[in-house]
Structure formats: C-alpha cells, structure tokens
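Student: Provided herewith: target_35.txt, compact mmCIF, C-alpha atoms.
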```txt
# COMPACT_ATOMS: atom_id res chain seq x y z
CA MET A 405 32.92 -8.03 76.11
CA ALA A 406 30.49 -5.12 76.05
CA PRO A 407 27.14 -5.96 74.44
CA ARG A 408 26.55 -4.66 70.96
CA LYS A 409 24.20 -1.77 70.54
CA ARG A 410 20.95 -2.61 68.79
CA PRO A 411 20.82 -0.94 65.35
CA GLU A 412 18.03 1.52 64.76
CA THR A 413 15.07 0.34 62.74
CA GLN A 414 15.34 1.28 59.09
CA LYS A 415 12.19 2.83 57.65
CA THR A 416 10.86 3.58 54.20
CA PRO A 417 7.52 5.16 53.28
CA GLU A 418 5.96 1.71 52.91
CA VAL A 419 7.95 -0.75 54.98
CA ALA A 420 9.95 -0.85 58.18
CA VAL A 421 12.72 -3.46 58.17
CA ARG A 422 14.55 -4.51 61.32
CA PRO A 423 18.06 -5.91 60.73
CA LYS A 424 19.18 -8.93 62.66
CA SER A 425 20.56 -8.19 66.14
CA LYS A 426 22.14 -10.15 68.96
CA ARG A 427 20.14 -10.93 72.04
CA SER A 428 20.74 -8.72 75.06
CA ARG A 429 17.73 -9.67 77.15
CA SER A 430 18.24 -11.70 80.28
CA PRO A 431 16.31 -14.93 80.91
CA ARG A 432 14.41 -13.23 83.74
CA GLU A 433 12.98 -10.71 81.29
CA LEU A 434 11.43 -13.53 79.29
CA GLU A 435 9.48 -14.98 82.22
CA PRO A 436 6.77 -16.03 82.72
CA GLU A 437 6.10 -16.46 78.99
CA ALA A 438 9.19 -18.54 78.34
CA LYS A 439 8.87 -20.47 81.57
CA LYS A 440 7.37 -23.52 79.96
CA LEU A 441 9.06 -23.42 76.57
CA CYS A 442 8.90 -26.75 74.86
CA VAL A 443 11.52 -27.75 72.34
CA LYS A 444 10.89 -31.23 71.19
CA GLY A 445 13.18 -33.83 69.79
CA PRO A 446 11.81 -37.01 68.22
CA GLY A 447 9.46 -38.74 70.62
CA SER A 448 10.21 -36.49 73.58
CA SER A 449 7.76 -34.92 76.00
CA ARG A 450 6.55 -31.34 75.60
CA ARG A 451 7.13 -30.51 79.27
CA PHE A 452 10.51 -28.84 79.69
CA ASP A 453 11.53 -26.18 82.17
CA SER A 454 12.92 -22.83 81.04
CA GLY A 455 16.53 -23.95 81.27
CA CYS A 456 16.27 -26.20 78.19
CA LEU A 457 15.44 -23.63 75.55
CA TRP A 458 17.01 -25.61 72.74
CA ALA A 459 17.15 -28.97 74.50
CA GLY A 460 15.82 -31.98 72.65
CA LEU A 461 18.25 -31.57 69.80
CA ALA A 462 20.88 -33.52 71.70
CA SER A 463 19.09 -36.72 70.69
CA LEU A 464 19.39 -35.93 66.97
CA GLN A 465 22.06 -38.01 65.26
CA VAL A 466 23.53 -35.66 62.67
CA PRO A 467 25.52 -37.53 59.99
CA PRO A 468 29.13 -36.46 59.50
CA PRO A 469 29.86 -34.49 56.30
CA SER A 470 31.87 -37.42 54.93
CA SER A 471 28.81 -39.70 54.95
CA ILE A 472 26.73 -37.13 53.04
CA VAL A 473 29.49 -36.74 50.43
CA ARG A 474 29.76 -40.53 50.14
CA ALA A 475 25.99 -40.83 49.70
CA LEU A 476 26.01 -38.17 46.99
CA HIS A 477 28.79 -40.06 45.22
CA HIS A 478 26.84 -43.34 45.30
CA HIS A 479 23.70 -41.56 44.11
CA LYS A 480 25.64 -40.13 41.15
CA LEU A 481 26.78 -43.66 40.30
CA GLY A 482 23.16 -44.81 40.25
CA ASN A 483 23.11 -46.68 43.55
CA ALA A 484 19.86 -46.55 45.54
CA VAL A 485 20.96 -44.45 48.51
CA TRP A 486 18.67 -41.46 48.03
CA PRO A 487 16.35 -42.14 51.02
CA SER A 488 19.27 -42.40 53.45
CA LEU A 489 20.83 -39.27 51.97
CA GLN A 490 17.57 -37.36 52.35
CA GLN A 491 17.24 -38.54 55.95
CA GLY A 492 20.77 -37.41 56.72
CA LEU A 493 20.22 -33.98 55.20
CA GLN A 494 16.90 -33.65 57.05
CA GLN A 495 18.56 -34.45 60.39
CA ALA A 496 21.26 -31.87 59.68
CA PHE A 497 18.59 -29.27 58.88
CA LEU A 498 16.73 -30.02 62.13
CA HIS A 499 19.96 -29.65 64.05
CA SER A 500 20.55 -26.23 62.45
CA LEU A 501 17.15 -24.89 63.59
CA ALA A 502 18.56 -24.21 67.06
CA SER A 503 20.46 -21.25 65.61
CA TYR A 504 17.54 -19.69 63.71
CA ARG A 505 16.34 -16.25 64.79
CA ILE A 506 14.37 -13.38 63.26
CA PHE A 507 16.72 -11.93 60.63
CA GLN A 508 14.47 -9.15 59.32
CA LYS A 509 11.00 -7.88 60.10
CA ALA A 510 8.70 -5.76 57.92
CA ALA A 511 5.39 -4.04 58.66
CA PRO A 512 4.35 -2.50 55.33
CA PHE A 513 0.55 -2.61 55.60
CA ASP A 514 -2.16 -0.76 57.50
CA ARG A 515 -4.13 -4.01 57.67
CA ARG A 516 -3.00 -7.54 58.48
CA ALA A 517 -1.03 -9.64 56.00
CA THR A 518 -3.08 -12.46 54.47
CA SER A 519 -0.95 -14.35 51.94
CA LEU A 520 2.60 -14.74 50.66
CA THR A 521 4.62 -16.62 48.06
CA TRP A 522 8.29 -17.03 47.14
CA HIS A 523 9.65 -15.95 43.78
CA PRO A 524 10.46 -19.16 41.83
CA THR A 525 13.92 -18.05 40.62
CA HIS A 526 15.08 -15.39 43.11
CA PRO A 527 15.41 -17.08 46.53
CA SER A 528 15.51 -13.80 48.49
CA THR A 529 12.38 -12.33 46.87
CA LEU A 530 8.79 -12.81 47.97
CA ALA A 531 5.38 -11.27 47.42
CA VAL A 532 3.02 -10.56 50.31
CA GLY A 533 -0.64 -9.53 50.14
CA SER A 534 -2.79 -7.75 52.73
CA LYS A 535 -6.39 -7.56 53.84
CA GLY A 536 -6.63 -4.16 52.13
CA GLY A 537 -5.50 -5.53 48.76
CA ASP A 538 -1.97 -4.09 49.04
CA ILE A 539 0.90 -6.17 47.63
CA MET A 540 4.57 -5.85 48.56
CA LEU A 541 7.36 -7.31 46.40
CA TRP A 542 10.35 -7.57 48.70
CA ASN A 543 13.91 -8.62 47.93
CA PHE A 544 15.29 -8.71 51.46
CA GLY A 545 18.78 -9.49 50.12
CA ILE A 546 19.30 -5.91 48.90
CA LYS A 547 18.83 -2.50 50.50
CA ASP A 548 16.58 -1.11 47.77
CA LYS A 549 13.08 -0.10 48.79
CA PRO A 550 10.49 -2.87 48.25
CA THR A 551 7.95 -2.46 45.45
CA PHE A 552 4.57 -1.53 46.91
CA ILE A 553 1.28 -1.87 44.99
CA LYS A 554 -1.61 -0.09 46.67
CA GLY A 555 -4.92 -1.95 47.01
CA ILE A 556 -8.49 -0.69 47.24
CA GLY A 557 -8.65 -0.88 51.05
CA ALA A 558 -11.66 -2.43 52.76
CA GLY A 559 -13.02 -5.37 50.75
CA GLY A 560 -9.86 -5.94 48.73
CA SER A 561 -8.28 -8.72 50.79
CA ILE A 562 -5.72 -10.83 48.88
CA THR A 563 -6.73 -14.46 49.43
CA GLY A 564 -4.30 -16.17 47.04
CA LEU A 565 -0.95 -15.22 45.53
CA LYS A 566 1.21 -17.08 42.97
CA PHE A 567 4.01 -15.97 40.66
CA ASN A 568 3.40 -16.67 36.98
CA PRO A 569 5.65 -19.68 36.19
CA LEU A 570 5.77 -18.63 32.51
CA ASP A 571 6.79 -15.02 33.24
CA THR A 572 8.19 -14.42 36.71
CA ASN A 573 7.74 -10.65 36.34
CA GLN A 574 4.02 -11.27 36.80
CA PHE A 575 1.86 -12.80 39.51
CA PHE A 576 -1.67 -14.15 39.95
CA THR A 577 -3.99 -12.97 42.72
CA SER A 578 -7.41 -13.98 43.99
CA SER A 579 -9.22 -11.47 46.16
CA MET A 580 -12.37 -10.44 47.98
CA GLU A 581 -12.65 -7.71 45.35
CA GLY A 582 -14.30 -10.44 43.28
CA THR A 583 -11.55 -11.23 40.78
CA THR A 584 -8.78 -13.69 40.00
CA ARG A 585 -6.29 -11.83 37.83
CA LEU A 586 -2.77 -11.65 36.45
CA GLN A 587 -0.75 -8.52 37.32
CA ASP A 588 2.73 -7.16 36.65
CA PHE A 589 5.18 -5.61 39.11
CA LYS A 590 3.86 -2.12 38.29
CA GLY A 591 0.37 -3.07 39.42
CA ASN A 592 -1.10 -3.22 35.90
CA THR A 593 -3.71 -5.89 35.23
CA VAL A 594 -2.50 -8.16 32.42
CA ARG A 595 -5.62 -10.33 32.29
CA VAL A 596 -8.73 -10.95 34.40
CA PHE A 597 -9.30 -14.70 34.59
CA ALA A 598 -12.47 -14.71 36.68
CA SER A 599 -14.82 -11.98 37.87
CA SER A 600 -17.96 -12.33 39.98
CA ASP A 601 -19.44 -8.91 39.11
CA THR A 602 -21.16 -8.88 42.51
CA CYS A 603 -20.08 -7.98 46.03
CA ASN A 604 -21.67 -11.17 47.38
CA VAL A 605 -19.25 -13.52 45.61
CA TRP A 606 -15.47 -13.38 45.86
CA PHE A 607 -12.50 -15.65 45.22
CA CYS A 608 -10.75 -17.39 48.10
CA SER A 609 -8.02 -19.56 46.58
CA LEU A 610 -5.97 -20.24 43.45
CA ASP A 611 -3.24 -22.43 42.00
CA VAL A 612 -1.33 -22.48 38.72
CA SER A 613 0.26 -25.23 36.61
CA ALA A 614 3.12 -24.33 34.26
CA ARG A 615 3.22 -27.72 32.55
CA SER A 616 -0.49 -27.85 31.70
CA ARG A 617 -0.82 -24.06 31.48
CA MET A 618 -3.87 -24.02 33.71
CA VAL A 619 -5.28 -21.73 36.39
CA VAL A 620 -7.73 -22.98 39.01
CA THR A 621 -9.62 -20.76 41.46
CA GLY A 622 -12.35 -21.27 44.07
CA ASP A 623 -14.97 -18.88 45.45
CA ASN A 624 -16.93 -18.33 48.65
CA VAL A 625 -20.07 -20.19 47.54
CA GLY A 626 -18.43 -23.47 46.55
CA HIS A 627 -17.59 -22.97 42.87
CA VAL A 628 -14.27 -24.01 41.33
CA ILE A 629 -13.27 -22.60 37.94
CA LEU A 630 -10.64 -24.11 35.63
CA LEU A 631 -9.10 -21.89 32.93
CA ASN A 632 -6.20 -22.06 30.51
CA MET A 633 -3.41 -19.47 30.48
CA ASP A 634 -5.17 -17.55 27.72
CA GLY A 635 -8.07 -16.90 30.05
CA ARG A 636 -10.51 -19.32 28.39
CA GLU A 637 -12.84 -20.97 30.90
CA LEU A 638 -12.80 -24.78 30.64
CA TRP A 639 -15.45 -25.38 33.29
CA ASN A 640 -17.16 -23.71 36.25
CA LEU A 641 -18.77 -26.12 38.71
CA ARG A 642 -20.13 -25.96 42.23
CA MET A 643 -17.91 -28.63 43.81
CA HIS A 644 -18.64 -27.81 47.47
CA LYS A 645 -21.64 -26.65 49.47
CA LYS A 646 -19.73 -23.73 51.05
CA LYS A 647 -16.59 -21.62 50.63
CA VAL A 648 -13.62 -23.23 48.89
CA THR A 649 -10.75 -22.26 51.18
CA HIS A 650 -7.93 -23.93 49.24
CA VAL A 651 -7.20 -25.47 45.84
CA ALA A 652 -3.98 -27.37 45.10
CA LEU A 653 -2.66 -29.09 41.98
CA ASN A 654 -0.40 -32.09 42.54
CA PRO A 655 3.19 -31.01 41.73
CA CYS A 656 3.97 -34.30 39.98
CA CYS A 657 0.59 -35.04 38.36
CA ASP A 658 -0.95 -31.64 37.72
CA TRP A 659 -4.20 -33.14 36.47
CA PHE A 660 -4.75 -34.21 40.11
CA LEU A 661 -6.62 -31.52 42.11
CA ALA A 662 -7.43 -31.23 45.83
CA THR A 663 -10.11 -28.79 47.05
CA ALA A 664 -10.80 -27.90 50.70
CA SER A 665 -13.91 -26.25 52.07
CA VAL A 666 -15.65 -25.01 55.20
CA ASP A 667 -18.29 -27.67 54.42
CA GLN A 668 -15.91 -30.01 56.34
CA THR A 669 -14.69 -31.95 53.31
CA VAL A 670 -11.62 -32.25 51.14
CA LYS A 671 -12.26 -33.63 47.66
CA ILE A 672 -9.85 -35.17 45.16
CA TRP A 673 -10.47 -34.69 41.42
CA ASP A 674 -9.02 -35.97 38.15
CA LEU A 675 -9.21 -32.92 35.89
CA ARG A 676 -9.35 -35.19 32.85
CA GLN A 677 -12.57 -36.78 34.09
CA VAL A 678 -14.53 -33.92 35.68
CA ARG A 679 -18.09 -34.09 34.38
CA GLY A 680 -20.01 -32.55 37.28
CA LYS A 681 -20.05 -31.93 41.02
CA SER A 682 -20.32 -35.67 41.76
CA SER A 683 -17.37 -36.76 39.62
CA PHE A 684 -14.76 -36.50 42.39
CA LEU A 685 -12.44 -39.46 42.95
CA HIS A 686 -12.55 -39.26 46.74
CA SER A 687 -14.29 -37.21 49.42
CA LEU A 688 -12.42 -36.95 52.72
CA PRO A 689 -14.78 -35.91 55.55
CA HIS A 690 -13.44 -33.87 58.49
CA SER A 691 -14.87 -33.01 61.90
CA HIS A 692 -14.50 -29.26 61.37
CA PRO A 693 -14.19 -26.78 58.49
CA VAL A 694 -10.91 -27.15 56.59
CA ASN A 695 -8.45 -24.30 55.98
CA ALA A 696 -6.02 -26.02 53.61
CA ALA A 697 -5.11 -29.17 51.69
CA CYS A 698 -1.50 -29.28 50.43
CA PHE A 699 0.29 -31.96 48.44
CA SER A 700 3.82 -32.84 49.54
CA PRO A 701 6.64 -31.77 47.17
CA ASP A 702 6.87 -35.33 45.80
CA GLY A 703 3.09 -35.50 45.38
CA ALA A 704 2.82 -38.67 47.47
CA GLN A 705 1.01 -37.23 50.51
CA LEU A 706 -1.76 -34.75 51.24
CA LEU A 707 -1.69 -32.55 54.35
CA THR A 708 -4.92 -30.99 55.63
CA THR A 709 -5.49 -28.34 58.32
CA ASP A 710 -8.85 -27.98 60.00
CA GLN A 711 -10.07 -24.88 61.86
CA LYS A 712 -9.61 -26.26 65.35
CA SER A 713 -7.00 -28.77 66.49
CA GLU A 714 -6.19 -31.43 63.93
CA LEU A 715 -3.72 -31.98 61.10
CA ARG A 716 -4.15 -34.99 58.82
CA VAL A 717 -1.71 -36.69 56.46
CA TYR A 718 -3.25 -38.86 53.72
CA SER A 719 -1.36 -41.22 51.44
CA ALA A 720 -2.02 -40.36 47.81
CA SER A 721 -1.89 -44.04 46.88
CA GLN A 722 -4.31 -45.23 49.59
CA TRP A 723 -7.06 -42.66 50.08
CA ASP A 724 -9.32 -45.23 51.76
CA CYS A 725 -6.82 -45.89 54.56
CA PRO A 726 -7.19 -43.91 57.82
CA PRO A 727 -4.98 -40.83 57.74
CA SER A 728 -2.23 -40.03 60.21
CA LEU A 729 -3.75 -37.67 62.78
CA ILE A 730 -1.66 -34.98 64.48
CA PRO A 731 -3.39 -33.16 67.37
CA HIS A 732 -2.34 -29.51 67.23
CA PRO A 733 -3.90 -26.26 68.56
CA HIS A 734 -4.54 -23.71 65.78
CA ARG A 735 -8.16 -22.73 66.33
CA HIS A 736 -9.86 -20.35 63.93
CA PHE A 737 -10.48 -16.75 64.95
CA GLN A 738 -12.32 -14.16 62.89
CA HIS A 739 -9.59 -11.53 62.99
CA LEU A 740 -6.69 -13.93 62.53
CA THR A 741 -5.34 -14.93 59.13
CA PRO A 742 -6.28 -18.66 58.92
CA ILE A 743 -3.51 -20.96 60.08
CA LYS A 744 -2.47 -23.37 57.33
CA ALA A 745 0.09 -26.12 57.82
CA THR A 746 2.51 -26.55 54.93
CA TRP A 747 5.31 -28.84 53.79
CA HIS A 748 8.94 -27.90 53.91
CA PRO A 749 9.97 -27.55 50.22
CA ARG A 750 12.92 -29.98 50.52
CA TYR A 751 12.28 -32.36 53.41
CA ASN A 752 9.44 -34.54 54.60
CA LEU A 753 8.58 -32.09 57.36
CA ILE A 754 5.33 -30.35 58.27
CA VAL A 755 5.48 -26.74 59.49
CA VAL A 756 2.61 -24.94 61.26
CA GLY A 757 2.03 -22.04 63.66
CA ARG A 758 0.78 -22.86 67.19
CA TYR A 759 -2.14 -20.93 68.73
CA PRO A 760 -2.32 -22.29 72.32
CA ASP A 761 -5.82 -23.30 73.38
CA PRO A 762 -6.68 -23.70 77.09
CA ASN A 763 -9.19 -26.38 76.11
CA PHE A 764 -6.59 -28.40 74.20
CA LYS A 765 -5.77 -31.65 75.98
CA SER A 766 -2.01 -31.13 76.36
CA CYS A 767 -2.09 -27.35 76.93
CA THR A 768 0.35 -26.17 79.63
CA PRO A 769 0.53 -22.86 81.52
CA HIS A 770 2.46 -20.12 79.71
CA GLU A 771 2.55 -22.19 76.50
CA LEU A 772 4.39 -20.33 73.75
CA ARG A 773 3.19 -19.39 70.26
CA THR A 774 5.80 -21.34 68.37
CA ILE A 775 6.35 -22.56 64.82
CA ASP A 776 6.06 -26.35 65.14
CA VAL A 777 7.92 -28.82 62.93
CA PHE A 778 6.58 -32.39 62.60
CA ASP A 779 7.94 -35.44 60.83
CA GLY A 780 5.73 -36.10 57.80
CA ASN A 781 5.88 -39.89 58.20
CA SER A 782 5.56 -40.44 61.95
CA GLY A 783 3.74 -37.23 62.94
CA LYS A 784 6.20 -36.72 65.81
CA MET A 785 7.15 -33.25 66.95
CA MET A 786 10.72 -32.60 65.82
CA PHE A 787 11.29 -28.99 66.81
CA GLN A 788 9.60 -25.78 67.98
CA LEU A 789 10.98 -22.56 66.56
CA TYR A 790 10.62 -19.50 68.76
CA ASP A 791 12.04 -16.00 68.96
CA PRO A 792 11.35 -14.12 72.23
CA GLU A 793 11.20 -10.78 70.39
CA SER A 794 8.31 -11.94 68.19
CA SER A 795 5.96 -13.85 70.46
CA GLY A 796 2.67 -13.26 68.63
CA ILE A 797 0.54 -15.83 66.82
CA ILE A 798 2.19 -17.16 63.67
CA SER A 799 -0.64 -17.42 61.13
CA VAL A 800 1.10 -18.47 57.94
CA ARG A 801 4.54 -19.92 57.45
CA PHE A 802 6.10 -20.55 54.04
CA GLY A 803 9.72 -21.51 53.57
CA LEU A 804 11.62 -19.37 56.07
CA VAL A 805 9.04 -16.56 56.19
CA SER A 806 6.09 -16.30 58.54
CA LEU A 807 3.20 -13.88 59.05
CA LEU A 808 2.68 -12.65 62.59
CA LEU A 809 -0.86 -11.85 63.74
CA GLY A 810 -1.32 -8.22 62.76
CA TYR A 811 1.03 -6.53 60.34
CA HIS A 812 4.45 -8.15 60.57
CA ILE A 813 6.34 -10.31 58.07
CA LEU A 814 9.19 -12.25 59.67
CA ILE A 815 12.30 -13.50 57.88
CA TRP A 816 14.05 -16.32 59.77
CA SER A 817 17.71 -17.15 59.30
CA GLN A 818 20.60 -18.76 61.12
CA GLU A 819 22.04 -16.22 63.55
CA GLU A 820 25.61 -16.90 62.49
CA ALA A 821 24.86 -17.19 58.80
CA GLY A 822 23.82 -13.70 57.79
CA MET A 823 21.84 -13.90 54.59
CA ARG A 824 22.33 -17.64 54.21
CA THR A 825 19.03 -19.55 54.40
```
Please express what this file holds, its structure, as structure tokens.
Tutor:
Amino acid sequence: MAPRKRPETQKTPEVAVRPKSKRSRSPRELEPEAKKLCVKGPGSSRRFDSGCLWAGLASLQVPPPSSIVRALHHHKLGNAVWPSLQQGLQQAFLHSLASYRIFQKAAPFDRRATSLTWHPTHPSTLAVGSKGGDIMLWNFGIKDKPTFIKGIGAGGSITGLKFNPLDTNQFFTSSMEGTTRLQDFKGNTVRVFASSDTCNVWFCSLDVSARSRMVVTGDNVGHVILLNMDGRELWNLRMHKKKVTHVALNPCCDWFLATASVDQTVKIWDLRQVRGKSSFLHSLPHSHPVNAACFSPDGAQLLTTDQKSELRVYSASQWDCPPSLIPHPHRHFQHLTPIKATWHPRYNLIVVGRYPDPNFKSCTPHELRTIDVFDGNSGKMMFQLYDPESSGIISVRFGLVSLLLGYHILIWSQEEAGMRT
C-alpha cells in the first residue's frame, strides 16, 4: 500500500495547527536519538535497545472487559470493589499509551508557552499563556480559529492560569505584570484581585476554590494572599523567605493549602487557623528549590517537584513519615519553563517531562526527552511516552497536553482514535 501523503500544515494569523498524520519515517532516520529508547513496564530496567520501542507493555495484565463490567455492577450494588476496578481501568489506560501520538500541534506565540489549563466543562478546550502575556483559548475539536488575547510583551509572562469555576466564560491569571486578575474571553478585566504596583514584585502562582469561593496567590518575595471571590483581601502574609512558585488547595478539603518555594521548603496550612507566618501545620524541607506541590485528585497525597532530580510523594495523613522518593532528571534552566510533575486526573499516576542530565546516575547515551509515567504508590516507572517528530524538552504536561521547550503546544491522542482522548 502506498504511504499516505502528509497533509499540509494549516495556518491562521495566530496559530499553526498540524493535523495528525501517519508515520513514514524509517527506523534508521530516528538514529542515533532513538537508539536507546526506554519504555518501561512495572519494575523493568530502563536499558532497552531500539527494537523495543513499545516493549515493556507485554508484562501489563489488562483485565478483560467483562471483569470491568462486573466490577461496575458490584460497585453499583454497594459492594466494596472500587479499588480493584480502579486498578483494572488504570492498567487498561497504561496499555493504551502505546498507541498515543501527537494529534495536533500549535505554535501561536512569539515567546515560549508558560502555563495551561483545561476548561472544566468542555473537554476539548484549553487555555494557554505565554511569556509575553498572550493567552490562547483553543477548542481543538473544531476547525474555528482559536481565540487569541494579546499580552503586553516583555514582562507580561503568565505564571498561573485557572478557569473561573463559577463562570466558565472567565479565567484567572497571575503574571509578572504584577497582577492577579479575572478576565473574560474578550480580554476584558473583570476584577483585579491583587496588584503589586511595582515592577519589583510580581505574582507567580494561583489557585481557586469554588466551594469556599476563595482565590489564593503567591508572589516572588514570599507573600501569599487569600481573597474571597468578591475581591476582598482576607490576609496577606509573608509565608516563605523567597519566591512562592506554587500554591495548591486540597481538592477534597479546600481549607488545606500547600505552598512551595525556592527557599527549599513546602509548607502545609490550615486556612481556618492561619494567624501568621509561623502558623503552618507542617514544613517539608527539600534539598533544592521546589517548582511545584500538587495534591492528588483524592486529596490523600502530595507530589512535589524540585529543580534538579527528585520527585517526592507525601501521605496527607502522615506528614512526619519519610516521603517516597523518585529520582528523575528535570533540572532547572533559566530559559526553560519550569518542569512540574502532576497527577493524572483519573488514576494514581504521576506524569512528568524528562530533561536528560549527563550527571544523573542512571543517564544513558542518546537518552530521549520523554514524558514519564510513574505509579503514585510504588514510584515505579510505568511508561515513557515519546513521539519522534517532537523530540524537544517537555516542560509542562497537563492531561493529554504538553508544552514543548519553545513555542509548541502538543495534543496527544490515540493514533487510531481520532479525537477520542
């Protein structure tokens, strides 16, 4: 059968989108970069030769559909089978990753992409922010041109981005412009929640709670500000000695706050009991500055990403116990959007971009810049996602979207599944 011709790249004034295409490159064209590709199954070694591109999945025991249906039936009847059902669905998802490829690619900005978030009710819509303050609202499920909101350029970097859970036609942003604000899809400012009024202070992180109607934001000198949805400031405290890189409210107990900082600590706070900078519940010291601290979807675990080579998983019920440590190369670089590990939204899986480091203990020649998937309980490598046509450094990964070092936004999907994600 003759190979299909690659479709031409579609372009709009703001964004270039590349439709999914079949592979026509030979294995020899991918060498030497793909020579040492590692695809890991549970507990396997990272050293594979190039002939086992998607090897490692053979060891996964995928439950038959009948067992999943039976488990759903028992769960509906009230029987305690939910953990086994979740494990079965997770194994099936891991098995499906072998067929994932880049479905669409966009390069809408003249500066690198810095943040992204999914729309809470439209699964094919996301918002992406850039270092120049530009914001793109992209529904990749339709052919209409994405909405593009122009930023101020230099000094306007979008550092945090969240849709408004009370009105999904609006979104919150924190930026190096010195504000945390609420905007609509036309780019109008609905409300300014925090403003530094000086070029020396800017906002680096934000999170929002729909249930408590709260907004929390952190700045580059260690302050964290809590506000209600009406914009009234509840408190403004210096909780860290240096920049607050990440703030996260627990999805199940939204009065529970985690803050991460380049002062090499992550701190846990009870928002009902905050009286000052020393009123934290726990302080979790790290060996290097910390890029992110994310609660798992069930709120039971906390995942942290440092700026060098370590991921940590803490139990929310036993903060004093040693965390699970996952060695992983993702070193910080000035002109790279900080790499932040995140949780898969449905399964107990950790997802993070790999930035190979020659000084890392297990580094191998020609190591690839993959998206790595770890088991959240054991810390074992479960899979490495890689597309030979997009071999750059994956800075941020959220859901099935990743940001490539530079200007590209990558949409991943099963090759046979079209728009199905």
Student: Which residue gives the smallest distance to Leu530 of chain A among A:Leu707, A:Leu565, A:Val612, A:Ala558, with all atoms listed in the file counted?
Tutor: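 The answer is A:Leu565, which sits nearest to Leu530 of chain A.
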Student: Rank A:Ser682, A:Gln818, A:Thr663, A:Asn752 by their smallest atom-to-atom distance to Ser700 of chain A, using only C-alpha atoms, and report the top residue only.
Tutor: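 Of the candidates, the smallest distance to Ser700 of chain A is held by A:Asn752.
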Student: Which distance in Å separates atom CA of Glu714 of chain A and atom CA of Asn695 of chain A, to one decimal?
Tutor: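 Atom CA of Asn695 of chain A lies at a distance of 10.9 Å from atom CA of Glu714 of chain A.
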Student: Please provide as a ChimeraX atom specification all residues within 12 Å of Trp747 of chain A, with the sequence filter that same-chain residues fewer than 3 positions apart are discarded (counting all atoms listed in the file).
Tutor: /A:696-709,717,744,750-756,776-781,800-804
Student: Would you compute the distance between atom CA of Thr621 of chain A and atom CA of Pro689 of chain A? Give it in Å to one decimal.
Tutor: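 Distance between the two atoms: 21.3 Å.
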Student: Using only C-alpha atoms, which protein or nucleic acid residues come within 12 Å of Trp606 of chain A? Drop anything in the same chain fewer than 5 positions from it, and give the result as a list in words.
Tutor: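 Here the answer would be Gly559, Gly560, Ser561, Ile562, Thr563, Gly564, Thr577, Ser578, Ser579, Met580, Glu581, Gly582, Thr583, Thr584, Ala598, Ser599, Ser600, Asp601, Thr621, Gly622, Asp623, Asn624, Val625, Gly626, His627, Val628, Lys647, Val648 and Thr649 of chain A.
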Student: I'd like the interatomic distance between atom CA of Ile539 of chain A and atom CA of Phe552 of chain A, to a tenth of an Å.
Tutor: 6.0 Å
Student: Skipping near chain neighbours, those fewer than 2 positions away, what residues fall within 12 Å of Glu637 of chain A using all atoms listed in the file, listed as a list of chain:residue names?
Tutor: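 Selected residues are A:Val596, A:Phe597, A:Ala598, A:Ser599, A:Met618, A:Val619, A:Val620, A:Thr621, A:Val628, A:Ile629, A:Leu630, A:Leu631, A:Asn632, A:Met633, A:Asp634, A:Gly635, A:Trp639, A:Asn640, A:Leu641.
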Student: Please define a box with edges along x, y and z of the file around all atoms of segment 623-631 of chain A given in the file, extend it by 4 Å on each side, and return its centre and edge lengths in Å to one decimal, as lines of an AutoDock Vina configuration file.
Tutor:
```
center_x = -14.6
center_y = -21.2
center_z = 40.8
size_x = 19.0
size_y = 13.8
size_z = 23.7
```
Student: Give me segment 644-649 of chain A with all heavy atoms filled in, as a CSV table (one decimal), in the coordinates of the input.
Tutor:
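Result saved to part-v7.csv:
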```csv
chain,number,residue,atom,x,y,z
A,644,HIS,N,-18.4,-27.7,46.0
A,644,HIS,CA,-18.6,-27.8,47.5
A,644,HIS,C,-19.9,-27.0,47.8
A,644,HIS,O,-20.4,-26.2,47.1
A,644,HIS,CB,-17.4,-27.2,48.2
A,644,HIS,CG,-16.2,-28.1,48.2
A,644,HIS,ND1,-16.0,-29.1,49.1
A,644,HIS,CD2,-15.2,-28.1,47.3
A,644,HIS,CE1,-14.8,-29.7,48.8
A,644,HIS,NE2,-14.3,-29.1,47.7
A,645,LYS,N,-20.4,-27.3,49.0
A,645,LYS,CA,-21.6,-26.6,49.5
A,645,LYS,C,-21.4,-25.3,50.0
A,645,LYS,O,-22.3,-24.4,50.1
A,645,LYS,CB,-22.3,-27.5,50.5
A,645,LYS,CG,-22.8,-28.9,50.1
A,645,LYS,CD,-23.4,-29.7,51.2
A,645,LYS,CE,-23.9,-31.0,50.7
A,645,LYS,NZ,-24.5,-31.8,51.8
A,646,LYS,N,-20.1,-25.0,50.5
A,646,LYS,CA,-19.7,-23.7,51.0
A,646,LYS,C,-18.4,-23.3,50.5
A,646,LYS,O,-17.9,-23.9,49.5
A,646,LYS,CB,-19.7,-23.8,52.6
A,646,LYS,CG,-21.0,-24.2,53.2
A,646,LYS,CD,-20.9,-24.3,54.7
A,646,LYS,CE,-22.2,-24.6,55.4
A,646,LYS,NZ,-22.1,-24.7,56.9
A,647,LYS,N,-17.8,-22.3,51.1
A,647,LYS,CA,-16.6,-21.6,50.6
A,647,LYS,C,-15.5,-22.6,50.4
A,647,LYS,O,-15.2,-23.5,51.2
A,647,LYS,CB,-16.1,-20.6,51.7
A,647,LYS,CG,-14.9,-19.9,51.3
A,647,LYS,CD,-14.6,-18.7,52.2
A,647,LYS,CE,-14.3,-19.0,53.6
A,647,LYS,NZ,-13.9,-17.9,54.4
A,648,VAL,N,-14.8,-22.4,49.2
A,648,VAL,CA,-13.6,-23.2,48.9
A,648,VAL,C,-12.4,-22.5,49.4
A,648,VAL,O,-11.9,-21.5,48.8
A,648,VAL,CB,-13.5,-23.5,47.4
A,648,VAL,CG1,-12.3,-24.3,47.0
A,648,VAL,CG2,-14.8,-24.1,46.8
A,649,THR,N,-11.8,-23.0,50.5
A,649,THR,CA,-10.8,-22.3,51.2
A,649,THR,C,-9.4,-22.5,50.5
A,649,THR,O,-8.5,-21.7,50.7
A,649,THR,CB,-10.7,-22.7,52.7
A,649,THR,OG1,-10.6,-24.1,52.7
A,649,THR,CG2,-11.9,-22.2,53.4
```
